[in-house]
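*Asks:* So here's query.pdb (PDB, C-alpha atoms and all ligand atoms).
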ATOM      1  CA  MET A   1      -2.773 -10.059   3.068
ATOM      2  CA  PRO A   2      -0.787  -8.868   6.070
ATOM      3  CA  THR A   3       0.430  -5.306   5.943
ATOM      4  CA  LEU A   4       4.193  -5.232   5.800
ATOM      5  CA  THR A   5       6.301  -3.004   7.989
ATOM      6  CA  GLN A   6       8.438  -0.350   6.323
ATOM      7  CA  PRO A   7      11.657  -2.395   6.849
ATOM      8  CA  GLU A   8       9.980  -5.375   5.172
ATOM      9  CA  ARG A   9       8.817  -3.209   2.263
ATOM     10  CA  ALA A  10      12.288  -1.692   1.800
ATOM     11  CA  ARG A  11      13.967  -5.112   1.814
ATOM     12  CA  GLY A  12      11.387  -6.723  -0.448
ATOM     13  CA  GLY A  13      11.415  -3.764  -2.804
ATOM     14  CA  LEU A  14      15.174  -3.595  -3.321
ATOM     15  CA  LEU A  15      15.674  -7.358  -3.533
ATOM     16  CA  GLY A  16      12.636  -7.596  -5.785
ATOM     17  CA  LEU A  17      14.105  -4.972  -8.086
ATOM     18  CA  ALA A  18      17.536  -6.633  -8.269
ATOM     19  CA  VAL A  19      16.244 -10.180  -8.794
ATOM     20  CA  ALA A  20      13.912  -9.105 -11.609
ATOM     21  CA  ASP A  21      16.685  -7.033 -13.224
ATOM     22  CA  ALA A  22      19.043 -10.029 -13.188
ATOM     23  CA  LEU A  23      16.346 -12.358 -14.485
ATOM     24  CA  GLY A  24      15.435 -10.037 -17.351
ATOM     25  CA  ALA A  25      18.970  -8.966 -18.306
ATOM     26  CA  PRO A  26      19.792 -11.845 -20.694
ATOM     27  CA  LEU A  27      16.692 -11.042 -22.753
ATOM     28  CA  GLU A  28      17.235  -7.270 -22.954
ATOM     29  CA  PHE A  29      16.011  -6.038 -26.364
ATOM     30  CA  ALA A  30      14.809  -9.521 -27.343
ATOM     31  CA  ALA A  31      11.965  -9.641 -29.839
ATOM     32  CA  PRO A  32       8.652 -10.407 -28.132
ATOM     33  CA  ALA A  33       8.382 -13.892 -29.657
ATOM     34  CA  ARG A  34      11.819 -14.904 -28.382
ATOM     35  CA  ALA A  35      11.186 -13.475 -24.908
ATOM     36  CA  ALA A  36       7.795 -15.184 -24.667
ATOM     37  CA  THR A  37       9.302 -18.496 -25.757
ATOM     38  CA  ALA A  38      12.071 -18.212 -23.164
ATOM     39  CA  VAL A  39       9.558 -17.514 -20.388
ATOM     40  CA  GLU A  40       7.278 -20.355 -21.484
ATOM     41  CA  ALA A  41      10.259 -22.722 -21.457
ATOM     42  CA  GLY A  42      10.886 -21.846 -17.781
ATOM     43  CA  LEU A  43      13.218 -18.847 -17.545
ATOM     44  CA  GLU A  44      15.770 -19.121 -14.743
ATOM     45  CA  MET A  45      18.814 -17.154 -13.566
ATOM     46  CA  THR A  46      21.108 -18.433 -16.253
ATOM     47  CA  GLY A  47      22.859 -15.216 -17.254
ATOM     48  CA  GLY A  48      23.995 -14.662 -20.830
ATOM     49  CA  GLY A  49      22.593 -12.202 -23.347
ATOM     50  CA  SER A  50      24.390  -9.604 -25.421
ATOM     51  CA  PHE A  51      26.395  -8.282 -22.456
ATOM     52  CA  GLY A  52      27.400 -11.745 -21.233
ATOM     53  CA  TRP A  53      25.748 -11.407 -17.822
ATOM     54  CA  LEU A  54      26.735 -13.886 -15.119
ATOM     55  CA  PRO A  55      23.928 -15.851 -13.466
ATOM     56  CA  GLY A  56      22.351 -13.537 -10.890
ATOM     57  CA  GLU A  57      24.259 -10.474 -12.095
ATOM     58  CA  TRP A  58      22.193  -7.289 -12.165
ATOM     59  CA  THR A  59      22.519  -4.324 -14.480
ATOM     60  CA  ASP A  60      22.511  -0.524 -14.469
ATOM     61  CA  ASP A  61      18.969  -0.420 -13.075
ATOM     62  CA  THR A  62      20.021  -1.966  -9.786
ATOM     63  CA  THR A  63      23.397  -0.217  -9.710
ATOM     64  CA  MET A  64      21.795   3.215  -9.993
ATOM     65  CA  ALA A  65      19.075   2.293  -7.483
ATOM     66  CA  LEU A  66      21.806   1.260  -5.036
ATOM     67  CA  CYS A  67      23.738   4.503  -5.616
ATOM     68  CA  LEU A  68      20.531   6.359  -4.785
ATOM     69  CA  ALA A  69      19.658   4.146  -1.810
ATOM     70  CA  GLU A  70      23.156   4.422  -0.354
ATOM     71  CA  SER A  71      23.080   8.185  -0.706
ATOM     72  CA  ILE A  72      19.685   8.359   1.008
ATOM     73  CA  GLY A  73      21.000   6.107   3.772
ATOM     74  CA  ALA A  74      24.009   8.363   4.308
ATOM     75  CA  HIS A  75      22.473  11.816   3.772
ATOM     76  CA  GLY A  76      18.679  11.498   3.784
ATOM     77  CA  LEU A  77      16.165  12.543   1.130
ATOM     78  CA  LEU A  78      17.790  13.990  -0.934
ATOM     79  CA  ASP A  79      21.376  15.301  -1.226
ATOM     80  CA  LEU A  80      21.425  15.877  -4.975
ATOM     81  CA  ASP A  81      25.141  16.664  -5.228
ATOM     82  CA  ASP A  82      25.982  13.458  -3.380
ATOM     83  CA  VAL A  83      23.612  11.423  -5.563
ATOM     84  CA  THR A  84      25.178  12.970  -8.688
ATOM     85  CA  ARG A  85      28.696  12.100  -7.534
ATOM     86  CA  ARG A  86      27.710   8.487  -6.883
ATOM     87  CA  TYR A  87      26.035   8.203 -10.286
ATOM     88  CA  ALA A  88      28.947   9.927 -12.027
ATOM     89  CA  ASP A  89      31.569   7.756 -10.303
ATOM     90  CA  TRP A  90      29.748   4.678 -11.556
ATOM     91  CA  ALA A  91      29.255   6.148 -15.049
ATOM     92  CA  SER A  92      32.975   6.872 -15.345
ATOM     93  CA  SER A  93      33.925   3.366 -14.169
ATOM     94  CA  GLY A  94      33.188   1.863 -17.573
ATOM     95  CA  PRO A  95      29.944  -0.003 -16.884
ATOM     96  CA  LYS A  96      28.819  -2.676 -19.334
ATOM     97  CA  ASP A  97      25.548  -0.881 -19.916
ATOM     98  CA  ILE A  98      24.499   2.723 -19.431
ATOM     99  CA  GLY A  99      21.680   4.653 -21.073
ATOM    100  CA  ASN A 100      22.506   7.380 -23.580
ATOM    101  CA  ALA A 101      20.756  10.200 -21.725
ATOM    102  CA  THR A 102      22.282   9.115 -18.420
ATOM    103  CA  SER A 103      25.752   8.895 -19.891
ATOM    104  CA  ALA A 104      25.495  12.326 -21.523
ATOM    105  CA  ALA A 105      24.225  13.983 -18.353
ATOM    106  CA  LEU A 106      26.796  12.464 -16.012
ATOM    107  CA  ARG A 107      29.932  12.799 -18.116
ATOM    108  CA  GLY A 108      32.356  14.854 -16.041
ATOM    109  CA  ALA A 109      29.566  16.114 -13.781
ATOM    110  CA  SER A 110      30.683  16.941 -10.259
ATOM    111  CA  SER A 111      27.498  18.656  -9.101
ATOM    112  CA  ALA A 112      23.765  18.318  -9.532
ATOM    113  CA  ALA A 113      23.670  21.641 -11.414
ATOM    114  CA  GLU A 114      26.185  20.389 -13.976
ATOM    115  CA  ALA A 115      24.303  17.140 -14.507
ATOM    116  CA  ARG A 116      20.975  18.946 -14.906
ATOM    117  CA  GLU A 117      22.472  21.314 -17.468
ATOM    118  CA  GLN A 118      23.945  18.419 -19.464
ATOM    119  CA  ALA A 119      20.618  16.575 -19.291
ATOM    120  CA  ARG A 120      18.848  19.677 -20.580
ATOM    121  CA  THR A 121      21.222  20.171 -23.508
ATOM    122  CA  TYR A 122      20.939  16.456 -24.369
ATOM    123  CA  VAL A 123      17.192  16.905 -24.875
ATOM    124  CA  GLU A 124      17.806  20.023 -26.995
ATOM    125  CA  ARG A 125      20.285  18.116 -29.136
ATOM    126  CA  THR A 126      18.441  14.817 -29.532
ATOM    127  CA  GLY A 127      14.814  15.535 -28.705
ATOM    128  CA  SER A 128      14.809  12.570 -26.334
ATOM    129  CA  GLY A 129      14.844  12.573 -22.563
ATOM    130  CA  ALA A 130      11.740  10.633 -21.585
ATOM    131  CA  GLY A 131      13.485   7.286 -21.219
ATOM    132  CA  ASN A 132      13.084   4.763 -18.434
ATOM    133  CA  GLY A 133      16.461   5.561 -16.857
ATOM    134  CA  THR A 134      14.873   7.420 -13.951
ATOM    135  CA  ILE A 135      11.904   5.212 -13.097
ATOM    136  CA  MET A 136      14.230   2.190 -13.053
ATOM    137  CA  ARG A 137      16.231   3.645 -10.150
ATOM    138  CA  ALA A 138      13.595   5.641  -8.241
ATOM    139  CA  ALA A 139      12.166   2.940  -5.966
ATOM    140  CA  PRO A 140      14.467   3.693  -2.988
ATOM    141  CA  ILE A 141      12.859   7.130  -2.719
ATOM    142  CA  GLY A 142       9.388   5.648  -2.374
ATOM    143  CA  LEU A 143      10.665   2.997   0.032
ATOM    144  CA  ALA A 144      12.390   5.534   2.295
ATOM    145  CA  ALA A 145      10.012   8.495   2.255
ATOM    146  CA  SER A 146       7.714   9.154   5.164
ATOM    147  CA  SER A 147       5.282  11.279   3.151
ATOM    148  CA  LEU A 148       3.957  11.402  -0.390
ATOM    149  CA  ALA A 149       4.948  15.047  -0.826
ATOM    150  CA  GLU A 150       8.513  14.297   0.204
ATOM    151  CA  ALA A 151       8.679  11.298  -2.118
ATOM    152  CA  VAL A 152       7.370  12.907  -5.273
ATOM    153  CA  ASP A 153       9.466  16.051  -4.869
ATOM    154  CA  ALA A 154      12.578  13.922  -4.404
ATOM    155  CA  ALA A 155      11.648  11.664  -7.341
ATOM    156  CA  ARG A 156      11.349  14.608  -9.726
ATOM    157  CA  ALA A 157      14.540  16.215  -8.382
ATOM    158  CA  ASP A 158      16.432  12.954  -8.911
ATOM    159  CA  ALA A 159      15.048  12.488 -12.423
ATOM    160  CA  VAL A 160      16.176  15.849 -13.796
ATOM    161  CA  LEU A 161      19.770  14.961 -12.931
ATOM    162  CA  THR A 162      19.836  12.784 -16.046
ATOM    163  CA  HIS A 163      16.594  13.268 -17.975
ATOM    164  CA  GLY A 164      15.489  16.680 -19.185
ATOM    165  CA  ASP A 165      11.983  15.676 -20.257
ATOM    166  CA  ALA A 166       9.554  16.290 -17.387
ATOM    167  CA  ARG A 167       7.657  13.105 -18.187
ATOM    168  CA  ALA A 168      10.559  10.987 -16.894
ATOM    169  CA  GLY A 169      10.236  12.770 -13.559
ATOM    170  CA  HIS A 170       6.480  12.284 -13.506
ATOM    171  CA  ALA A 171       6.995   8.556 -14.151
ATOM    172  CA  SER A 172       9.432   8.357 -11.223
ATOM    173  CA  ALA A 173       6.978  10.271  -9.036
ATOM    174  CA  ALA A 174       4.128   7.975 -10.132
ATOM    175  CA  LEU A 175       6.162   4.926  -9.115
ATOM    176  CA  CYS A 176       6.848   6.484  -5.717
ATOM    177  CA  GLY A 177       3.169   7.360  -5.320
ATOM    178  CA  ALA A 178       2.317   3.712  -5.964
ATOM    179  CA  LEU A 179       4.952   2.516  -3.492
ATOM    180  CA  LEU A 180       3.404   4.704  -0.815
ATOM    181  CA  SER A 181      -0.082   3.435  -1.621
ATOM    182  CA  LEU A 182       0.357  -0.241  -2.441
ATOM    183  CA  ASP A 183      -3.281  -1.094  -1.749
ATOM    184  CA  GLU A 184      -4.581   1.571  -4.155
ATOM    185  CA  PRO A 185      -1.604   2.160  -6.428
ATOM    186  CA  LEU A 186      -3.283   3.204  -9.684
ATOM    187  CA  PRO A 187      -5.025   6.359  -8.442
ATOM    188  CA  ALA A 188      -1.838   7.271  -6.583
ATOM    189  CA  ALA A 189       0.249   6.818  -9.746
ATOM    190  CA  ARG A 190      -2.236   8.708 -11.944
ATOM    191  CA  ALA A 191      -2.194  11.643  -9.565
ATOM    192  CA  GLU A 192       1.523  12.209 -10.272
ATOM    193  CA  CYS A 193       1.316  12.101 -14.072
ATOM    194  CA  ALA A 194       0.573  15.828 -14.426
ATOM    195  CA  GLY A 195      -2.072  15.016 -17.023
ATOM    196  CA  GLU A 196       0.521  13.740 -19.504
ATOM    197  CA  PRO A 197      -1.365  11.600 -22.055
ATOM    198  CA  LYS A 198       1.385   9.036 -22.717
ATOM    199  CA  LEU A 199       1.716   8.246 -19.015
ATOM    200  CA  LEU A 200      -2.027   8.121 -18.365
ATOM    201  CA  GLU A 201      -2.663   5.967 -21.439
ATOM    202  CA  ALA A 202      -0.010   3.476 -20.299
ATOM    203  CA  LEU A 203      -1.637   3.257 -16.861
ATOM    204  CA  ASP A 204      -5.014   2.594 -18.520
ATOM    205  CA  ALA A 205      -3.643   0.094 -21.054
ATOM    206  CA  ASP A 206      -4.701  -3.547 -21.064
ATOM    207  CA  ALA A 207      -2.262  -6.452 -21.456
ATOM    208  CA  ALA A 208      -2.384  -6.420 -25.270
ATOM    209  CA  GLU A 209      -1.792  -2.661 -25.430
ATOM    210  CA  LEU A 210       1.114  -2.996 -23.011
ATOM    211  CA  ALA A 211       2.619  -5.749 -25.147
ATOM    212  CA  ALA A 212       2.519  -3.349 -28.100
ATOM    213  CA  LEU A 213       4.131  -0.596 -26.030
ATOM    214  CA  ALA A 214       6.901  -2.934 -24.837
ATOM    215  CA  ALA A 215       7.634  -3.947 -28.420
ATOM    216  CA  ASN A 216       7.320  -0.561 -30.120
ATOM    217  CA  GLN A 217       8.126   2.036 -27.464
ATOM    218  CA  THR A 218      11.003   0.177 -25.874
ATOM    219  CA  GLY A 219      12.813   2.220 -23.279
ATOM    220  CA  ALA A 220      10.110   4.876 -22.822
ATOM    221  CA  CYS A 221       9.299   5.845 -19.250
ATOM    222  CA  TRP A 222       5.567   5.306 -19.841
ATOM    223  CA  THR A 223       6.145   1.750 -21.070
ATOM    224  CA  ALA A 224       7.980   0.777 -17.874
ATOM    225  CA  LEU A 225       5.365   2.528 -15.732
ATOM    226  CA  GLY A 226       2.424   0.853 -17.455
ATOM    227  CA  VAL A 227       3.939  -2.627 -17.483
ATOM    228  CA  ALA A 228       4.978  -2.416 -13.827
ATOM    229  CA  LEU A 229       1.622  -1.160 -12.555
ATOM    230  CA  HIS A 230      -0.207  -3.819 -14.571
ATOM    231  CA  ALA A 231       2.000  -6.536 -13.059
ATOM    232  CA  LEU A 232       1.194  -5.169  -9.609
ATOM    233  CA  THR A 233      -2.530  -4.621  -9.942
ATOM    234  CA  GLU A 234      -3.617  -7.307 -12.423
ATOM    235  CA  ILE A 235      -1.183 -10.133 -11.620
ATOM    236  CA  ASP A 236      -0.248  -9.290  -8.019
ATOM    237  CA  ASP A 237       2.206 -12.178  -7.674
ATOM    238  CA  TYR A 238       5.982 -11.617  -7.700
ATOM    239  CA  GLU A 239       7.045 -14.578  -9.821
ATOM    240  CA  ARG A 240       4.226 -14.420 -12.371
ATOM    241  CA  GLY A 241       4.285 -10.626 -12.573
ATOM    242  CA  VAL A 242       8.000 -10.402 -13.252
ATOM    243  CA  LEU A 243       7.920 -13.232 -15.788
ATOM    244  CA  TRP A 244       5.015 -11.589 -17.615
ATOM    245  CA  ALA A 245       6.939  -8.301 -17.854
ATOM    246  CA  ILE A 246       9.943 -10.151 -19.314
ATOM    247  CA  SER A 247       7.776 -12.145 -21.728
ATOM    248  CA  LEU A 248       6.843  -8.922 -23.569
ATOM    249  CA  GLY A 249      10.407  -8.482 -24.788
ATOM    250  CA  GLY A 250      11.982  -5.058 -25.381
ATOM    251  CA  ASP A 251      13.674  -3.531 -22.332
ATOM    252  CA  THR A 252      13.054  -6.666 -20.303
ATOM    253  CA  ASP A 253      15.396  -5.955 -17.402
ATOM    254  CA  THR A 254      14.002  -2.491 -16.746
ATOM    255  CA  ASN A 255      10.333  -3.392 -17.180
ATOM    256  CA  ALA A 256      10.858  -6.339 -14.832
ATOM    257  CA  ALA A 257      12.935  -4.328 -12.353
ATOM    258  CA  VAL A 258      10.205  -1.717 -11.862
ATOM    259  CA  ALA A 259       7.549  -4.419 -11.571
ATOM    260  CA  GLY A 260       9.795  -6.362  -9.193
ATOM    261  CA  ALA A 261      10.289  -3.358  -6.913
ATOM    262  CA  LEU A 262       6.530  -2.869  -6.615
ATOM    263  CA  LEU A 263       5.708  -6.556  -6.126
ATOM    264  CA  GLY A 264       8.605  -7.086  -3.729
ATOM    265  CA  ALA A 265       7.504  -4.098  -1.656
ATOM    266  CA  ARG A 266       3.908  -5.306  -1.608
ATOM    267  CA  HIS A 267       4.528  -8.958  -0.785
ATOM    268  CA  GLY A 268       7.943  -8.961   0.887
ATOM    269  CA  VAL A 269      11.059 -11.020   0.363
ATOM    270  CA  GLU A 270       9.223 -14.280   1.095
ATOM    271  CA  ALA A 271       7.340 -13.853  -2.196
ATOM    272  CA  ILE A 272      10.575 -13.860  -4.218
ATOM    273  CA  PRO A 273      11.495 -17.402  -5.301
ATOM    274  CA  LYS A 274      14.373 -18.665  -3.180
ATOM    275  CA  ARG A 275      16.044 -20.288  -6.184
ATOM    276  CA  TRP A 276      16.419 -16.794  -7.690
ATOM    277  CA  LEU A 277      17.528 -15.113  -4.473
ATOM    278  CA  ASP A 278      20.132 -17.841  -3.938
ATOM    279  CA  VAL A 279      22.064 -16.887  -7.072
ATOM    280  CA  LEU A 280      21.678 -13.104  -6.791
ATOM    281  CA  ARG A 281      25.081 -11.387  -6.847
ATOM    282  CA  ARG A 282      26.084  -8.947  -4.116
ATOM    283  CA  ARG A 283      23.025  -9.593  -2.008
ATOM    284  CA  ASP A 284      24.957  -8.216   0.972
ATOM    285  CA  ARG A 285      25.163  -4.781  -0.641
ATOM    286  CA  ILE A 286      21.433  -4.785  -1.396
ATOM    287  CA  GLU A 287      20.498  -5.867   2.126
ATOM    288  CA  ALA A 288      22.735  -3.155   3.602
ATOM    289  CA  ALA A 289      21.190  -0.509   1.371
ATOM    290  CA  ALA A 290      17.674  -1.588   2.348
ATOM    291  CA  ALA A 291      18.598  -1.443   6.031
ATOM    292  CA  SER A 292      20.074   2.024   5.574
ATOM    293  CA  LEU A 293      16.819   3.288   4.043
ATOM    294  CA  VAL A 294      14.970   2.230   7.172
ATOM    295  CA  ALA A 295      17.445   3.916   9.440
ATOM    296  CA  ILE A 296      16.717   7.418   8.109
ATOM    297  CA  ARG A 297      13.185   7.415   9.520
TER     298      ARG A 297
HETATM  299 MG    MG B 301      19.521  -2.496 -17.383
END
As structure tokens - that is how I would like this structure written.
Ligand SMILES: [Mg+2]
*Replies:*
Amino acid sequence: MPTLTQPERARGGLLGLAVADALGAPLEFAAPARAATAVEAGLEMTGGGSFGWLPGEWTDDTTMALCLAESIGAHGLLDLDDVTRRYADWASSGPKDIGNATSAALRGASSAAEAREQARTYVERTGSGAGNGTIMRAAPIGLAASSLAEAVDAARADAVLTHGDARAGHASAALCGALLSLDEPLPAARAECAGEPKLLEALDADAAELAALAANQTGACWTALGVALHALTEIDDYERGVLWAISLGGDTDTNAAVAGALLGARHGVEAIPKRWLDVLRRRDRIEAAAASLVAIR
């Protein structure tokens, strides 16, 4: 396959993320059997689901990725106080959907230090902070960075703004490693997992094991990482990869969004079905954000 330029990767990655998010949103938290049936019947951009999504409307995954991308475009990699303000402004705007850890960390936060502290105390209080709320938004870092070291440092620094469990940051860093090494993504992703068993096991999992993870460890950062890398390396086709991720049920929009970012970055916007792109909401904002990522180089 032809090697894409960085502008093509950035555009394909962000549009790929948003399209997959919108496609998966109506089936968020669907049981695996219902999700598989919907995909087999020919899933399209119909909207619906428990939040009443409009056709082509994307969710918190894309919104947070755009906040991050727009901050990178304006201030480079990475102005953490600016990123925090953009996240917090969105969080306080009454979004339809926002993750618990993200909401707790961003409430009233006006600086990165405040968000990090609230993320840390959320883990102390609940014991949970390894959700997929950081990997779902991290793709712009991998699409903008000019070096692996820069990308993985920024990915971990972004993650701790909302998630106090280090594994969430490693998952974000692993995604960025893969984005910077799309021909050999698995070794690149493994190298950022800091030896964490849950993350490494998800990267080694076969399709049946990933289906079990999607059903039983819904919302975990390792589930999204494993599903997305499998879609990239074993399916390697935007449409089929994204539909497979959704067919597993569970956190369908996030699993698909991470897979869609990888597959969109690898194959470019031409690989995304036009009938899906045609109904995507706010495509102008996504295109502008992708262009701004390129401009920082
Ligand atoms: Mg979502």
*Asks:* Would you write out, as a PyMOL selection string, every residue that the PyMOL selection byres (((not hetatm)) within 6 of (chain B and resi 301)) captures in this file?
*Replies:* chain A and resi 59-61+253-254
*Asks:* Please identify all polymer residues lying at most 9 Å from the point (27.6, 6.6, -11.7) (file coordinates), using all atoms listed in the file, and present the result as a list in words.
*Replies:*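 These residues have at least one counted atom within 9 Å: Thr63, Met64, Cys67, Val83, Thr84, Arg85, Arg86, Tyr87, Ala88, Asp89, Trp90, Ala91, Ser92, Ser93, Pro95, Thr102, Ser103 and Leu106 of chain A.
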*Asks:* Carefully work through the PyMOL selection byres (((chain A and resi 66) around 9) and not hetatm) for this structure and note down the residues it includes, as an NGL selection string.
*Replies:* :A and (14 or 61-65 or 67-71 or 137 or 140 or 285-286 or 289-290)
*Asks:* Axis-aligned box over every listed atom of range 139-143 of chain A, padded by 8 Å per side: centre and edges in Å to one decimal, as JSON?
*Replies:*
{"center_x": 11.9, "center_y": 5.0, "center_z": -3.0, "size_x": 21.1, "size_y": 20.2, "size_z": 22.0}
*Asks:* Got a sec: who's within 12 Å of Arg125 in chain A, counting all atoms listed in the file, leaving out chain neighbours fewer than 5 positions off, as a PDB file with C-alpha atoms, in the frame of the given file?
*Replies:*
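Result file part_28.pdb:
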ATOM      1  CA  ALA A 101      20.756  10.200 -21.725  1.00  0.00           C
ATOM      2  CA  ALA A 104      25.495  12.326 -21.523  1.00  0.00           C
ATOM      3  CA  GLN A 118      23.945  18.419 -19.464  1.00  0.00           C
ATOM      4  CA  ALA A 119      20.618  16.575 -19.291  1.00  0.00           C
ATOM      5  CA  ARG A 120      18.848  19.677 -20.580  1.00  0.00           C
ATOM      6  CA  GLY A 164      15.489  16.680 -19.185  1.00  0.00           C
TER       7      GLY A 164
END
*Asks:* Apply the PyMOL selection byres (((chain A and resi 185) around 12) and not hetatm) to the structure shown and report the selected residues as number ranges by chain.
*Replies:* A: 174-184, 186-192, 203, 225-226, 228-234, 236, 262-263, 266
*Asks:* For Asp278 in chain A, which of A:Pro7, A:Glu209, A:Ser292, A:Gly56 is the closest residue, counting all atoms listed in the file?
*Replies:*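 Distance minimum relative to Asp278 in chain A lands on A:Gly56.
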*Asks:* Rounded to one decimal, what separation in Å do you get between CA of Thr3 in chain A and CA of Arg281 in chain A?
*Replies:*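 Taking CA of Thr3 in chain A and CA of Arg281 in chain A, their separation equals 28.4 Å.
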*Asks:* So that I can see what lies close to Asp158 in chain A, please list as a list in words the residues with an atom at most 10 Å from it, counting only C-alpha atoms and leaving out residues fewer than 6 positions away in the same chain.
*Replies:*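 Near neighbours after the sequence-gap exclusion: Leu68, Leu78, Asp79, Leu80, Val83, Thr84, Ala112, Arg116, Thr134, Ile135, Arg137, Ala138, Ile141, Val152, Gly169, Ser172 and Ala173 of chain A.
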*Asks:* Leu23 in chain A: which residues within 7 Å, counting all atoms listed in the file, same-chain residues fewer than 4 positions away excluded, as an MDAnalysis selection string?
*Replies:* chainID A and resid 19 44:45
*Asks:* When distances are computed from all atoms listed in the file, which of A:Ser146, A:Ser111, A:Thr121, A:Asn132 shows the smallest separation from Gln6 in chain A?
*Replies:*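 Nearest candidate to Gln6 in chain A out of A:Ser146, A:Ser111, A:Thr121, A:Asn132: A:Ser146.
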*Asks:* Can you measure CA of Val227 in chain A to CA of Ser50 in chain A for me? One decimal in Å is fine.
*Replies:* 23.0 Å
*Asks:* Which is closer to Asp81 in chain A than all the others in A:Leu161, A:Leu148, A:Val39, A:Ala215, using all atoms listed in the file?
*Replies:* A:Leu161
